[in-house]
Structures are given as C-alpha cells and as structure tokens.
Amino acid sequence: MDLYQLRYFLAVVETQNFSRAAERAFVSQPTLSTGIKKLEEELGSPLFNRDKRRITLTAAGSRLLPRARTIIYECNAAKMDASDHSATQRLQVGIHPLLPIKQIARLLSDYKKSHSEVQIALKQGSAEELEGWLDEGRVDISIGLPPSTEGKVQFEKLLTTKCVLAMARNHPLASRAVIPMQVLSRRDFIHRSHCVTETEVTRTFARAGVNPHIVFRTNEDDKAISLVSEGVGICVMPDILHASSMVMTPVEGVDISRTIGISWSADKMNDLVNGFQHFASSHRWKGRVAGPQNLEWAR
C-alpha cells in the first residue's frame, strides 16, 4: 500500500467524483482509477459502490477511511516536524458574503487535510472590494462574483446559483414542483436584506403586483434559514443555501441567478495560488437537494 493510493482514495471520498478527484490530486483520471484499483486488489475488496448517480463507500471503504485519514495526517505532521517551520506558506483568501460560510469551512477543512503546511487567512468583502484587494495584493485569490471588467484578474466559474423559494418541509406549498408567483402575495415572508439579488427580487415581485407580508428583515443567512425551517415564513434565496430542514422550489417568473467563481491576479500567480485554484475547482460546491424541485441544472 502506497501513500499516493491513500491520497487518491481520500480525494474520491471528499469529491464523490473520480474526475474531480483526479483534478484535486493533479493526475489524469485513468492514473487515479488505476491507483484505486491497485489498492482494492491489495486489500482484496472494492472500496466504492459506483453507479451513474453517485459514488458511495462500501463496508471495506468505510473501515479504511478513518485509518487512511490518520496515516495521511501523521505523514504530513512528520514532514512538518522534520522541515524548517520558517518555510510555512501563507495564503490570503477573499470571500464574498453570498457564499455560505459552511461551504467555505468545508473547503478549507478538506484543503488543510492535505496541505497542513499552509496557513489560511480569510478576508470577506464585496465584489468591488475583492477585486481591489486582488489588484493591491491584499488577497492572493478570491471566491465570489465575476470581475466587473476584463484586465489582470483571471476568473474561473465554479457554479451558478439561482434564486428559489425556501420553505419549511411541512409548508402547504412544499409539494409543488413550481410555485406560481401570484400565490406568494400576502404570504408571511422572511426578507434577506443583504443579498446581492435583493433588488432584483423586489422589483420582480413589484412588477407582478405581488405584495408579501414581511415578518422579519435580516442580513444573516443563519437567522433566515432557522425562521424558514420552523415555518415562521418563506423566503427567496439562492439555492446554494439549501438545508435539509427546508424545501427549495423554483418560482414561476423569477429567473434570477448569479455566477460564482474563483479569481486571481494573473501577474501574481504562483504554485500556492495555482494549487488552491485547482483544489477549489474540484470541490463539491452543491450537494443534492431533497424535495420536488429540479435544481440539478445549476451544478
């Protein structure tokens, strides 16, 4: 059993996709698949259940997972102890408030598992601030909206997030595949005042003569999700904010979306920035959303 095989194994576990795992491990997909196959042959058991929809761990894979993580962690720790600690690398990452912090936390947690020598510093700001910080060198890379102008800042799309209606799982509208906009009038609403799509949503409702009853205005996503989950009100929010306690369904006539990606300054690119860019690109940004809705288009 070789370390590279365990790294391939963990990459597949974390991305749930062989193509993204290969990108994360900086190898071709055939190379990664061959490494996984050799590991399975050595262990005498398949590690993954493979089907068209998803990749899951077998019983043998589940048993291997904690040990593989421990081995890789101890290997990285040994390298750190044996190396010059002054060589620690620091990466400054800018993030847009549209991104749920749980997604960012999961990305950084996965990244640190295989890059324990890198210190991460986060800096949150608007699209304009992030673009300026990249130009000034105050952040090395950022995750957010596309740059406003073409220039030194390079951009790679990660996902598209669309505004949908979020409601409690037992809400009367939760069983519908699509919600007519007119039925939202006078419904109890949670208003997310900080969202970059807030103005578009408000104008779309106004043009259609839809006048919901605002129960609460908030600039905190966790509060909005909690209130929606408990049935206090419904809310229009980006589908990237999905939670198991809510159903998210498209609204007829509401076609509002945002592209989210990773940006970096072309003249400040280095191995550290390049490595993080590839890692973020292979990250599973949008999980499966339960409910009657069909949101797979935005992956």
# chains A, B, ... in the order shown; residues from 1 in each chain; ligands from 1

$ residues_around --residues "His115 (chain A)" --least-positions-apart "2" --cutoff "10 Å" --atoms "only C-alpha atoms" --output "list in words"
Tyr73, Asn76, Gln89, Leu108, Ser109, Asp110, Tyr111, Lys112, Lys113, Glu117, Val118, Gln119, Gly275 and Phe276 of chain A

$ closest_residue --among "A:Thr204, A:Thr161, A:Thr70, A:Ser185" --to "Met237 (chain A)" --atoms "only C-alpha atoms"
A:Thr161

$ closest_atom_pairs --of "region 168-282 of chain A" --to "region 8-18 of chain A" --cutoff "12 Å" --atoms "only C-alpha atoms" --output "JSON lines"
{"residue": "A:Phe279", "atom": "CA", "partner": "A:Thr15", "partner_atom": "CA", "distance": 10.1}
{"residue": "A:Ala280", "atom": "CA", "partner": "A:Thr15", "partner_atom": "CA", "distance": 10.6}
{"residue": "A:Ser281", "atom": "CA", "partner": "A:Thr15", "partner_atom": "CA", "distance": 10.5}
{"residue": "A:Ser282", "atom": "CA", "partner": "A:Thr15", "partner_atom": "CA", "distance": 6.9}

$ write_last_selection --atoms "N, CA, C and O atoms" --output "PDB file, in the first residue's frame"
ATOM      1  N   PHE A 279      -7.697  23.028  -6.472  1.00  0.00           N
ATOM      2  CA  PHE A 279      -8.387  22.338  -5.375  1.00  0.00           C
ATOM      3  C   PHE A 279      -9.817  22.847  -5.251  1.00  0.00           C
ATOM      4  O   PHE A 279     -10.765  22.060  -5.140  1.00  0.00           O
ATOM      5  N   ALA A 280      -9.990  24.182  -5.282  1.00  0.00           N
ATOM      6  CA  ALA A 280     -11.332  24.771  -5.168  1.00  0.00           C
ATOM      7  C   ALA A 280     -12.206  24.378  -6.350  1.00  0.00           C
ATOM      8  O   ALA A 280     -13.416  24.174  -6.206  1.00  0.00           O
ATOM      9  N   SER A 281     -11.603  24.255  -7.519  1.00  0.00           N
ATOM     10  CA  SER A 281     -12.361  23.892  -8.717  1.00  0.00           C
ATOM     11  C   SER A 281     -12.903  22.467  -8.631  1.00  0.00           C
ATOM     12  O   SER A 281     -13.944  22.159  -9.224  1.00  0.00           O
ATOM     13  N   SER A 282     -12.214  21.591  -7.907  1.00  0.00           N
ATOM     14  CA  SER A 282     -12.650  20.201  -7.789  1.00  0.00           C
ATOM     15  C   SER A 282     -13.554  19.963  -6.590  1.00  0.00           C
ATOM     16  O   SER A 282     -14.055  18.868  -6.378  1.00  0.00           O
TER      17      SER A 282
END

$ closest_residue --among "A:Gln124, A:Thr218, A:Ser175, A:Ser114" --to "Leu6 (chain A)" --atoms "only C-alpha atoms"
A:Ser114

$ residues_around --residues "Asp239 (chain A)" --least-positions-apart "5" --cutoff "7 Å" --atoms "only C-alpha atoms" --output "ChimeraX atom specification"
/A:161-164,248

$ atom_distance --atom1 "CA of Thr259 (chain A)" --atom2 "CA of Gly94 (chain A)"
16.3 Å

$ select_by_dssp --residues "region 100-220 of chain A" --states "strand (DSSP E)" --output "JSON, numbers by chain"
{"A": [118, 119, 120, 121, 122, 123, 124, 141, 142, 143, 144, 153, 154, 155, 156, 157, 158, 159, 160, 161, 162, 163, 164, 165, 166, 167, 168, 179, 180, 188, 189, 190, 191, 192, 213, 214, 215, 216, 217, 218]}

$ atom_distance --atom1 "CA of Ile240 (chain A)" --atom2 "CA of Lys157 (chain A)"
14.6 Å

$ closest_residue --among "A:Glu198, A:Gly151, A:Arg7, A:Ser116" --to "Lys79 (chain A)" --atoms "only C-alpha atoms"
A:Ser116

$ atom_distance --atom1 "CA of Ser263 (chain A)" --atom2 "CA of Leu145 (chain A)"
8.6 Å

$ residues_around --residues "region 138-144 of chain A" --least-positions-apart "2" --cutoff "6 Å" --atoms "only C-alpha atoms" --output "list in words"
Gln92, Val93, Gly94, Ile95, His96, Trp133, Leu134, Glu136, Ile260, Gly261, Ile262, Ser263 and Trp264 of chain A

$ residues_around --residues "Ser193 (chain A)" --least-positions-apart "6" --cutoff "9 Å" --atoms "only C-alpha atoms" --output "list in words"
Thr199, Arg217, Thr218, Asn219 and Glu220 of chain A

$ write_last_selection --atoms "C-alpha atoms" --output "short mmCIF file (atom, residue, chain, number, x, y, z; two decimals), in the first residue's frame"
data_model
loop_
_atom_site.label_atom_id
_atom_site.label_comp_id
_atom_site.auth_asym_id
_atom_site.auth_seq_id
_atom_site.Cartn_x
_atom_site.Cartn_y
_atom_site.Cartn_z
CA THR A 199 -33.14 44.47 -5.55
CA ARG A 217 -35.82 41.51 7.79
CA THR A 218 -32.33 40.15 8.36
CA ASN A 219 -28.81 40.36 6.96
CA GLU A 220 -27.83 36.98 8.45
#

$ residues_around --residues "Pro46 (chain A)" --least-positions-apart "3" --cutoff "9 Å" --atoms "only C-alpha atoms" --output "list in words"
Lys37, Leu39, Glu40, Glu41, Leu43, Asn49, Leu57, Thr58, Ala59, Ala60 and Gly61 of chain A

$ write_last_selection --atoms "C-alpha atoms" --output "JSON list (two decimals), in the first residue's frame"
[["chain", "number", "residue", "atom", "x", "y", "z"],
["A", 37, "LYS", "CA", -7.89, -0.41, -8.50],
["A", 39, "LEU", "CA", -5.42, -0.51, -3.70],
["A", 40, "GLU", "CA", -8.63, -2.52, -3.96],
["A", 41, "GLU", "CA", -6.72, -5.53, -5.33],
["A", 43, "LEU", "CA", -6.98, -5.11, 0.12],
["A", 49, "ASN", "CA", -20.04, 1.46, -4.94],
["A", 57, "LEU", "CA", -18.22, 3.76, 0.22],
["A", 58, "THR", "CA", -18.51, 0.02, 0.63],
["A", 59, "ALA", "CA", -18.20, -1.52, 4.09],
["A", 60, "ALA", "CA", -14.48, -2.03, 3.41],
["A", 61, "GLY", "CA", -14.13, 1.58, 2.28]]

$ select_by_dssp --residues "region 12-134 of chain A" --states "alpha helix (DSSP H)" --output "compact mmCIF listing (two decimals) with N, CA, C and O atoms, in the first residue's frame"
# COMPACT_ATOMS: atom_id res chain seq x y z
N VAL A 12 -11.28 10.90 -3.75
CA VAL A 12 -12.58 10.42 -4.25
C VAL A 12 -13.64 10.55 -3.16
O VAL A 12 -14.78 10.97 -3.42
N VAL A 13 -13.29 10.21 -1.92
CA VAL A 13 -14.24 10.34 -0.81
C VAL A 13 -14.70 11.78 -0.66
O VAL A 13 -15.90 12.05 -0.48
N GLU A 14 -13.77 12.71 -0.74
CA GLU A 14 -14.09 14.11 -0.47
C GLU A 14 -14.83 14.78 -1.62
O GLU A 14 -15.64 15.68 -1.41
N THR A 15 -14.56 14.36 -2.86
CA THR A 15 -15.22 14.99 -4.01
C THR A 15 -16.42 14.20 -4.52
O THR A 15 -17.26 14.73 -5.24
N PHE A 18 -14.81 10.84 -9.57
CA PHE A 18 -13.46 10.45 -9.98
C PHE A 18 -12.77 11.55 -10.78
O PHE A 18 -11.56 11.74 -10.66
N SER A 19 -13.52 12.27 -11.61
CA SER A 19 -12.91 13.34 -12.41
C SER A 19 -12.40 14.46 -11.52
O SER A 19 -11.27 14.94 -11.66
N ARG A 20 -13.26 14.92 -10.56
CA ARG A 20 -12.83 15.98 -9.65
C ARG A 20 -11.71 15.51 -8.75
O ARG A 20 -10.81 16.29 -8.40
N ALA A 21 -11.74 14.25 -8.36
CA ALA A 21 -10.67 13.70 -7.51
C ALA A 21 -9.34 13.73 -8.25
O ALA A 21 -8.30 14.05 -7.67
N ALA A 22 -9.36 13.40 -9.54
CA ALA A 22 -8.13 13.42 -10.33
C ALA A 22 -7.58 14.84 -10.42
O ALA A 22 -6.37 15.06 -10.31
N GLU A 23 -8.47 15.82 -10.60
CA GLU A 23 -8.03 17.22 -10.65
C GLU A 23 -7.41 17.63 -9.32
O GLU A 23 -6.39 18.32 -9.27
N ARG A 24 -8.02 17.21 -8.24
CA ARG A 24 -7.51 17.57 -6.92
C ARG A 24 -6.15 16.93 -6.67
O ARG A 24 -5.28 17.54 -6.03
N ALA A 25 -5.96 15.72 -7.17
CA ALA A 25 -4.69 15.01 -6.95
C ALA A 25 -3.65 15.36 -8.01
O ALA A 25 -2.53 14.84 -7.97
N GLN A 29 -7.45 11.11 -14.90
CA GLN A 29 -8.43 10.20 -14.32
C GLN A 29 -8.02 8.74 -14.47
O GLN A 29 -8.19 7.95 -13.52
N PRO A 30 -7.47 8.32 -15.62
CA PRO A 30 -7.02 6.92 -15.71
C PRO A 30 -5.95 6.57 -14.67
O PRO A 30 -5.94 5.47 -14.12
N THR A 31 -5.04 7.52 -14.41
CA THR A 31 -4.00 7.28 -13.41
C THR A 31 -4.62 7.08 -12.03
O THR A 31 -4.25 6.17 -11.28
N LEU A 32 -5.58 7.96 -11.68
CA LEU A 32 -6.24 7.83 -10.38
C LEU A 32 -7.02 6.53 -10.29
O LEU A 32 -6.95 5.81 -9.28
N SER A 33 -7.75 6.18 -11.35
CA SER A 33 -8.54 4.95 -11.34
C SER A 33 -7.65 3.72 -11.19
O SER A 33 -8.00 2.76 -10.48
N THR A 34 -6.50 3.75 -11.85
CA THR A 34 -5.56 2.63 -11.75
C THR A 34 -5.04 2.50 -10.33
O THR A 34 -4.92 1.39 -9.79
N GLY A 35 -4.73 3.64 -9.71
CA GLY A 35 -4.25 3.62 -8.32
C GLY A 35 -5.29 3.06 -7.37
O GLY A 35 -4.96 2.28 -6.46
N ILE A 36 -6.56 3.46 -7.56
CA ILE A 36 -7.64 2.95 -6.71
C ILE A 36 -7.80 1.44 -6.93
O ILE A 36 -7.99 0.67 -5.98
N LYS A 37 -7.73 1.02 -8.19
CA LYS A 37 -7.89 -0.41 -8.50
C LYS A 37 -6.79 -1.24 -7.84
O LYS A 37 -7.05 -2.31 -7.28
N LYS A 38 -5.55 -0.75 -7.89
CA LYS A 38 -4.43 -1.48 -7.25
C LYS A 38 -4.64 -1.58 -5.75
O LYS A 38 -4.35 -2.62 -5.13
N LEU A 39 -5.16 -0.49 -5.14
CA LEU A 39 -5.42 -0.51 -3.70
C LEU A 39 -6.50 -1.53 -3.37
O LEU A 39 -6.38 -2.28 -2.39
N GLU A 40 -7.55 -1.56 -4.18
CA GLU A 40 -8.63 -2.52 -3.96
C GLU A 40 -8.13 -3.96 -4.11
O GLU A 40 -8.50 -4.85 -3.34
N GLU A 41 -7.27 -4.18 -5.11
CA GLU A 41 -6.72 -5.53 -5.33
C GLU A 41 -5.85 -5.95 -4.15
O GLU A 41 -5.89 -7.10 -3.71
N GLU A 42 -5.08 -5.00 -3.62
CA GLU A 42 -4.21 -5.32 -2.49
C GLU A 42 -5.02 -5.63 -1.23
O GLU A 42 -4.66 -6.52 -0.45
N LEU A 43 -6.14 -4.90 -1.05
CA LEU A 43 -6.98 -5.11 0.12
C LEU A 43 -7.96 -6.26 -0.07
O LEU A 43 -8.58 -6.73 0.88
N ALA A 59 -18.54 -1.26 2.68
CA ALA A 59 -18.20 -1.52 4.09
C ALA A 59 -16.68 -1.48 4.29
O ALA A 59 -16.18 -0.92 5.28
N ALA A 60 -15.95 -2.05 3.32
CA ALA A 60 -14.48 -2.03 3.41
C ALA A 60 -13.95 -0.61 3.30
O ALA A 60 -13.01 -0.22 4.01
N GLY A 61 -14.55 0.19 2.42
CA GLY A 61 -14.13 1.58 2.28
C GLY A 61 -14.39 2.37 3.53
O GLY A 61 -13.56 3.21 3.94
N SER A 62 -15.51 2.12 4.18
CA SER A 62 -15.84 2.83 5.44
C SER A 62 -14.85 2.47 6.53
O SER A 62 -14.48 3.32 7.36
N ARG A 63 -14.41 1.21 6.56
CA ARG A 63 -13.42 0.81 7.56
C ARG A 63 -12.06 1.44 7.29
O ARG A 63 -11.31 1.78 8.22
N LEU A 64 -11.72 1.58 6.01
CA LEU A 64 -10.42 2.14 5.65
C LEU A 64 -10.35 3.65 5.90
O LEU A 64 -9.28 4.17 6.23
N LEU A 65 -11.47 4.35 5.74
CA LEU A 65 -11.48 5.81 5.75
C LEU A 65 -10.80 6.43 6.97
O LEU A 65 -9.88 7.26 6.81
N PRO A 66 -11.17 6.10 8.21
CA PRO A 66 -10.51 6.74 9.36
C PRO A 66 -9.02 6.45 9.44
O PRO A 66 -8.23 7.31 9.82
N ARG A 67 -8.64 5.23 9.05
CA ARG A 67 -7.22 4.88 9.09
C ARG A 67 -6.44 5.62 8.02
O ARG A 67 -5.31 6.07 8.25
N ALA A 68 -7.03 5.76 6.83
CA ALA A 68 -6.36 6.50 5.75
C ALA A 68 -6.14 7.95 6.15
O ALA A 68 -5.08 8.52 5.90
N ARG A 69 -7.17 8.56 6.75
CA ARG A 69 -7.03 9.95 7.20
C ARG A 69 -5.94 10.09 8.25
O ARG A 69 -5.17 11.05 8.24
N THR A 70 -5.89 9.12 9.17
CA THR A 70 -4.86 9.17 10.23
C THR A 70 -3.46 9.04 9.63
O THR A 70 -2.54 9.76 10.01
N ILE A 71 -3.31 8.12 8.68
CA ILE A 71 -2.00 7.91 8.05
C ILE A 71 -1.52 9.17 7.33
O ILE A 71 -0.38 9.60 7.49
N ILE A 72 -2.41 9.77 6.53
CA ILE A 72 -2.03 10.97 5.79
C ILE A 72 -1.74 12.12 6.74
O ILE A 72 -0.79 12.90 6.55
N TYR A 73 -2.57 12.25 7.78
CA TYR A 73 -2.33 13.31 8.77
C TYR A 73 -0.98 13.15 9.44
O TYR A 73 -0.20 14.11 9.57
N GLU A 74 -0.67 11.93 9.87
CA GLU A 74 0.61 11.69 10.55
C GLU A 74 1.78 11.90 9.59
O GLU A 74 2.84 12.40 10.00
N CYS A 75 1.60 11.54 8.34
CA CYS A 75 2.66 11.76 7.34
C CYS A 75 2.93 13.24 7.16
O CYS A 75 4.08 13.68 7.15
N ASN A 76 1.86 14.03 7.05
CA ASN A 76 2.03 15.49 6.90
C ASN A 76 2.65 16.09 8.15
O ASN A 76 3.49 16.99 8.07
N ALA A 77 2.23 15.60 9.31
CA ALA A 77 2.78 16.11 10.56
C ALA A 77 4.27 15.79 10.67
O ALA A 77 5.07 16.62 11.13
N ALA A 78 4.66 14.60 10.24
CA ALA A 78 6.07 14.22 10.27
C ALA A 78 6.90 15.11 9.36
O ALA A 78 8.02 15.52 9.71
N LYS A 79 6.36 15.42 8.19
CA LYS A 79 7.07 16.31 7.26
C LYS A 79 7.24 17.69 7.87
O LYS A 79 8.29 18.32 7.72
N MET A 80 6.19 18.17 8.56
CA MET A 80 6.28 19.48 9.19
C MET A 80 7.33 19.50 10.29
O MET A 80 8.12 20.43 10.43
N ASP A 81 7.35 18.43 11.11
CA ASP A 81 8.31 18.36 12.22
C ASP A 81 9.74 18.30 11.71
O ASP A 81 10.66 18.83 12.34
N ALA A 82 9.93 17.64 10.57
CA ALA A 82 11.28 17.46 10.05
C ALA A 82 11.76 18.65 9.23
O ALA A 82 12.96 18.80 8.97
N ILE A 101 -20.99 30.25 4.75
CA ILE A 101 -19.74 30.01 5.47
C ILE A 101 -19.50 28.52 5.68
O ILE A 101 -18.35 28.06 5.77
N LYS A 102 -20.57 27.70 5.73
CA LYS A 102 -20.39 26.26 5.89
C LYS A 102 -19.66 25.67 4.69
O LYS A 102 -18.85 24.75 4.83
N GLN A 103 -19.97 26.18 3.49
CA GLN A 103 -19.29 25.71 2.29
C GLN A 103 -17.81 26.08 2.32
O GLN A 103 -16.94 25.29 1.96
N ILE A 104 -17.53 27.32 2.73
CA ILE A 104 -16.13 27.76 2.83
C ILE A 104 -15.39 26.95 3.88
O ILE A 104 -14.24 26.52 3.66
N ALA A 105 -16.04 26.69 5.01
CA ALA A 105 -15.40 25.92 6.08
C ALA A 105 -15.07 24.51 5.60
O ALA A 105 -14.00 23.97 5.90
N ARG A 106 -15.99 23.90 4.86
CA ARG A 106 -15.75 22.54 4.36
C ARG A 106 -14.60 22.52 3.36
O ARG A 106 -13.77 21.61 3.35
N LEU A 107 -14.56 23.54 2.47
CA LEU A 107 -13.47 23.63 1.51
C LEU A 107 -12.12 23.73 2.22
O LEU A 107 -11.18 23.00 1.89
N LEU A 108 -12.04 24.62 3.21
CA LEU A 108 -10.76 24.82 3.90
C LEU A 108 -10.37 23.61 4.73
O LEU A 108 -9.19 23.27 4.84
N SER A 109 -11.38 22.95 5.31
CA SER A 109 -11.09 21.74 6.09
C SER A 109 -10.50 20.65 5.20
O SER A 109 -9.51 20.01 5.56
N ASP A 110 -11.11 20.46 4.03
CA ASP A 110 -10.59 19.46 3.09
C ASP A 110 -9.19 19.84 2.62
O ASP A 110 -8.30 18.98 2.49
N TYR A 111 -9.00 21.12 2.35
CA TYR A 111 -7.70 21.58 1.85
C TYR A 111 -6.60 21.36 2.90
O TYR A 111 -5.51 20.91 2.57
N LYS A 112 -6.90 21.66 4.16
CA LYS A 112 -5.89 21.54 5.22
C LYS A 112 -5.48 20.09 5.47
O LYS A 112 -4.38 19.84 5.96
N LYS A 113 -6.37 19.14 5.14
CA LYS A 113 -6.03 17.74 5.35
C LYS A 113 -4.82 17.31 4.54
O LYS A 113 -4.07 16.44 4.96
N SER A 114 -4.66 17.92 3.37
CA SER A 114 -3.53 17.54 2.52
C SER A 114 -2.52 18.67 2.34
O SER A 114 -1.52 18.50 1.65
N ALA A 127 -17.93 42.48 -3.97
CA ALA A 127 -17.27 42.16 -5.23
C ALA A 127 -16.23 43.22 -5.58
O ALA A 127 -15.13 42.91 -6.04
N GLU A 128 -16.59 44.49 -5.36
CA GLU A 128 -15.67 45.59 -5.67
C GLU A 128 -14.45 45.55 -4.76
O GLU A 128 -13.31 45.76 -5.21
N GLU A 129 -14.67 45.27 -3.48
CA GLU A 129 -13.55 45.20 -2.54
C GLU A 129 -12.61 44.05 -2.88
O GLU A 129 -11.38 44.22 -2.87
N LEU A 130 -13.17 42.89 -3.19
CA LEU A 130 -12.34 41.74 -3.52
C LEU A 130 -11.48 42.01 -4.75
O LEU A 130 -10.30 41.65 -4.79
N GLU A 131 -12.08 42.65 -5.73
CA GLU A 131 -11.33 42.96 -6.96
C GLU A 131 -10.18 43.91 -6.65
O GLU A 131 -9.07 43.76 -7.16
N GLY A 132 -10.45 44.91 -5.80
CA GLY A 132 -9.41 45.85 -5.42
C GLY A 132 -8.31 45.20 -4.61
O GLY A 132 -7.12 45.48 -4.81
N TRP A 133 -8.69 44.32 -3.70
CA TRP A 133 -7.69 43.65 -2.86
C TRP A 133 -6.79 42.74 -3.68
O TRP A 133 -5.59 42.61 -3.39
N LEU A 134 -7.36 42.09 -4.71
CA LEU A 134 -6.54 41.28 -5.60
C LEU A 134 -5.51 42.14 -6.31
O LEU A 134 -4.33 41.78 -6.42

$ closest_residue --among "A:Val183, A:Val210, A:Val273, A:Val201" --to "Val236 (chain A)" --atoms "only C-alpha atoms"
A:Val201

$ residues_around --residues "Pro238 (chain A)" --least-positions-apart "6" --cutoff "12 Å" --atoms "only C-alpha atoms" --output "PyMOL selection string"
chain A and resi 98-100+159-166+192+195-198+201+221+225+248-250+254-260+286+295+298

$ write_last_selection --atoms "N, CA, C and O atoms" --output "compact mmCIF listing (two decimals), in the first residue's frame"
# COMPACT_ATOMS: atom_id res chain seq x y z
N LEU A 98 -22.06 36.28 -0.27
CA LEU A 98 -23.09 35.42 -0.87
C LEU A 98 -22.81 33.95 -0.58
O LEU A 98 -23.73 33.14 -0.49
N LEU A 99 -21.54 33.60 -0.40
CA LEU A 99 -21.18 32.21 -0.17
C LEU A 99 -21.48 31.80 1.27
O LEU A 99 -21.08 32.48 2.21
N PRO A 100 -22.19 30.69 1.47
CA PRO A 100 -22.45 30.22 2.83
C PRO A 100 -21.14 29.82 3.52
O PRO A 100 -20.31 29.15 2.93
N LEU A 159 -19.72 27.60 -10.13
CA LEU A 159 -21.11 27.18 -10.11
C LEU A 159 -22.02 28.35 -10.46
O LEU A 159 -21.59 29.50 -10.48
N THR A 160 -23.27 28.04 -10.74
CA THR A 160 -24.31 29.05 -10.89
C THR A 160 -25.35 28.79 -9.82
O THR A 160 -25.77 27.65 -9.61
N THR A 161 -25.75 29.83 -9.10
CA THR A 161 -26.77 29.68 -8.07
C THR A 161 -27.99 30.49 -8.48
O THR A 161 -27.87 31.63 -8.95
N LYS A 162 -29.16 29.89 -8.33
CA LYS A 162 -30.40 30.51 -8.77
C LYS A 162 -31.30 30.81 -7.57
O LYS A 162 -31.35 30.04 -6.61
N CYS A 163 -32.05 31.92 -7.65
CA CYS A 163 -32.98 32.28 -6.59
C CYS A 163 -34.22 31.37 -6.67
O CYS A 163 -34.84 31.26 -7.73
N VAL A 164 -34.55 30.74 -5.56
CA VAL A 164 -35.70 29.86 -5.46
C VAL A 164 -36.45 30.19 -4.17
O VAL A 164 -35.98 30.98 -3.34
N LEU A 165 -37.60 29.57 -4.00
CA LEU A 165 -38.39 29.78 -2.79
C LEU A 165 -38.04 28.71 -1.77
O LEU A 165 -38.15 27.51 -2.05
N ALA A 166 -37.63 29.15 -0.58
CA ALA A 166 -37.32 28.23 0.51
C ALA A 166 -38.48 28.23 1.49
O ALA A 166 -39.03 29.27 1.83
N ARG A 192 -34.31 38.80 3.16
CA ARG A 192 -32.85 38.86 3.30
C ARG A 192 -32.36 40.16 2.67
O ARG A 192 -32.18 40.27 1.47
N CYS A 195 -28.69 40.43 0.49
CA CYS A 195 -28.36 39.62 -0.69
C CYS A 195 -28.14 40.49 -1.92
O CYS A 195 -28.85 41.49 -2.11
N VAL A 196 -27.19 40.10 -2.77
CA VAL A 196 -26.91 40.86 -3.99
C VAL A 196 -28.07 40.78 -4.98
O VAL A 196 -28.14 41.58 -5.91
N THR A 197 -28.98 39.82 -4.78
CA THR A 197 -30.14 39.70 -5.67
C THR A 197 -31.38 40.37 -5.08
O THR A 197 -32.45 40.34 -5.70
N GLU A 198 -31.26 41.00 -3.93
CA GLU A 198 -32.43 41.54 -3.22
C GLU A 198 -33.19 42.55 -4.07
O GLU A 198 -34.43 42.50 -4.15
N VAL A 201 -35.13 40.76 -6.90
CA VAL A 201 -36.28 40.03 -6.38
C VAL A 201 -37.42 40.99 -6.07
O VAL A 201 -38.58 40.76 -6.44
N ASP A 221 -27.84 34.97 7.11
CA ASP A 221 -28.44 33.79 6.48
C ASP A 221 -28.89 32.75 7.49
O ASP A 221 -29.93 32.10 7.31
N ILE A 225 -32.59 31.07 7.55
CA ILE A 225 -32.79 29.63 7.41
C ILE A 225 -33.53 29.05 8.61
O ILE A 225 -34.43 28.22 8.47
N MET A 248 -36.67 23.68 -1.33
CA MET A 248 -36.37 24.81 -2.21
C MET A 248 -36.97 24.52 -3.58
O MET A 248 -36.67 23.49 -4.19
N THR A 249 -37.83 25.42 -4.05
CA THR A 249 -38.60 25.19 -5.26
C THR A 249 -38.57 26.42 -6.16
O THR A 249 -38.67 27.55 -5.66
N PRO A 250 -38.42 26.25 -7.48
CA PRO A 250 -38.43 27.40 -8.39
C PRO A 250 -39.78 28.13 -8.35
O PRO A 250 -40.82 27.53 -8.12
N VAL A 254 -39.61 34.03 -11.80
CA VAL A 254 -38.41 34.50 -11.10
C VAL A 254 -37.21 33.78 -11.71
O VAL A 254 -36.95 32.62 -11.42
N ASP A 255 -36.50 34.48 -12.57
CA ASP A 255 -35.34 33.91 -13.26
C ASP A 255 -34.11 34.76 -12.91
O ASP A 255 -33.61 35.53 -13.72
N ILE A 256 -33.67 34.64 -11.69
CA ILE A 256 -32.57 35.46 -11.17
C ILE A 256 -31.46 34.52 -10.71
O ILE A 256 -31.69 33.62 -9.89
N SER A 257 -30.28 34.70 -11.24
CA SER A 257 -29.17 33.82 -10.90
C SER A 257 -27.87 34.61 -10.81
O SER A 257 -27.79 35.75 -11.26
N ARG A 258 -26.87 33.98 -10.23
CA ARG A 258 -25.54 34.57 -10.13
C ARG A 258 -24.49 33.49 -10.39
O ARG A 258 -24.64 32.34 -9.97
N THR A 259 -23.45 33.89 -11.10
CA THR A 259 -22.30 33.01 -11.32
C THR A 259 -21.29 33.27 -10.22
O THR A 259 -20.98 34.41 -9.90
N ILE A 260 -20.80 32.19 -9.63
CA ILE A 260 -19.77 32.28 -8.59
C ILE A 260 -18.53 31.56 -9.09
O ILE A 260 -18.62 30.48 -9.68
N LYS A 286 -22.10 22.10 -4.53
CA LYS A 286 -23.53 21.99 -4.34
C LYS A 286 -23.92 20.55 -4.11
O LYS A 286 -23.68 19.69 -4.95
N LEU A 295 -33.17 21.17 -9.32
CA LEU A 295 -32.15 22.22 -9.29
C LEU A 295 -30.83 21.73 -9.86
O LEU A 295 -29.82 22.42 -9.77
N ALA A 298 -28.06 23.72 -12.16
CA ALA A 298 -27.11 24.75 -11.72
C ALA A 298 -25.79 24.17 -11.26
O ALA A 298 -24.93 24.91 -10.82
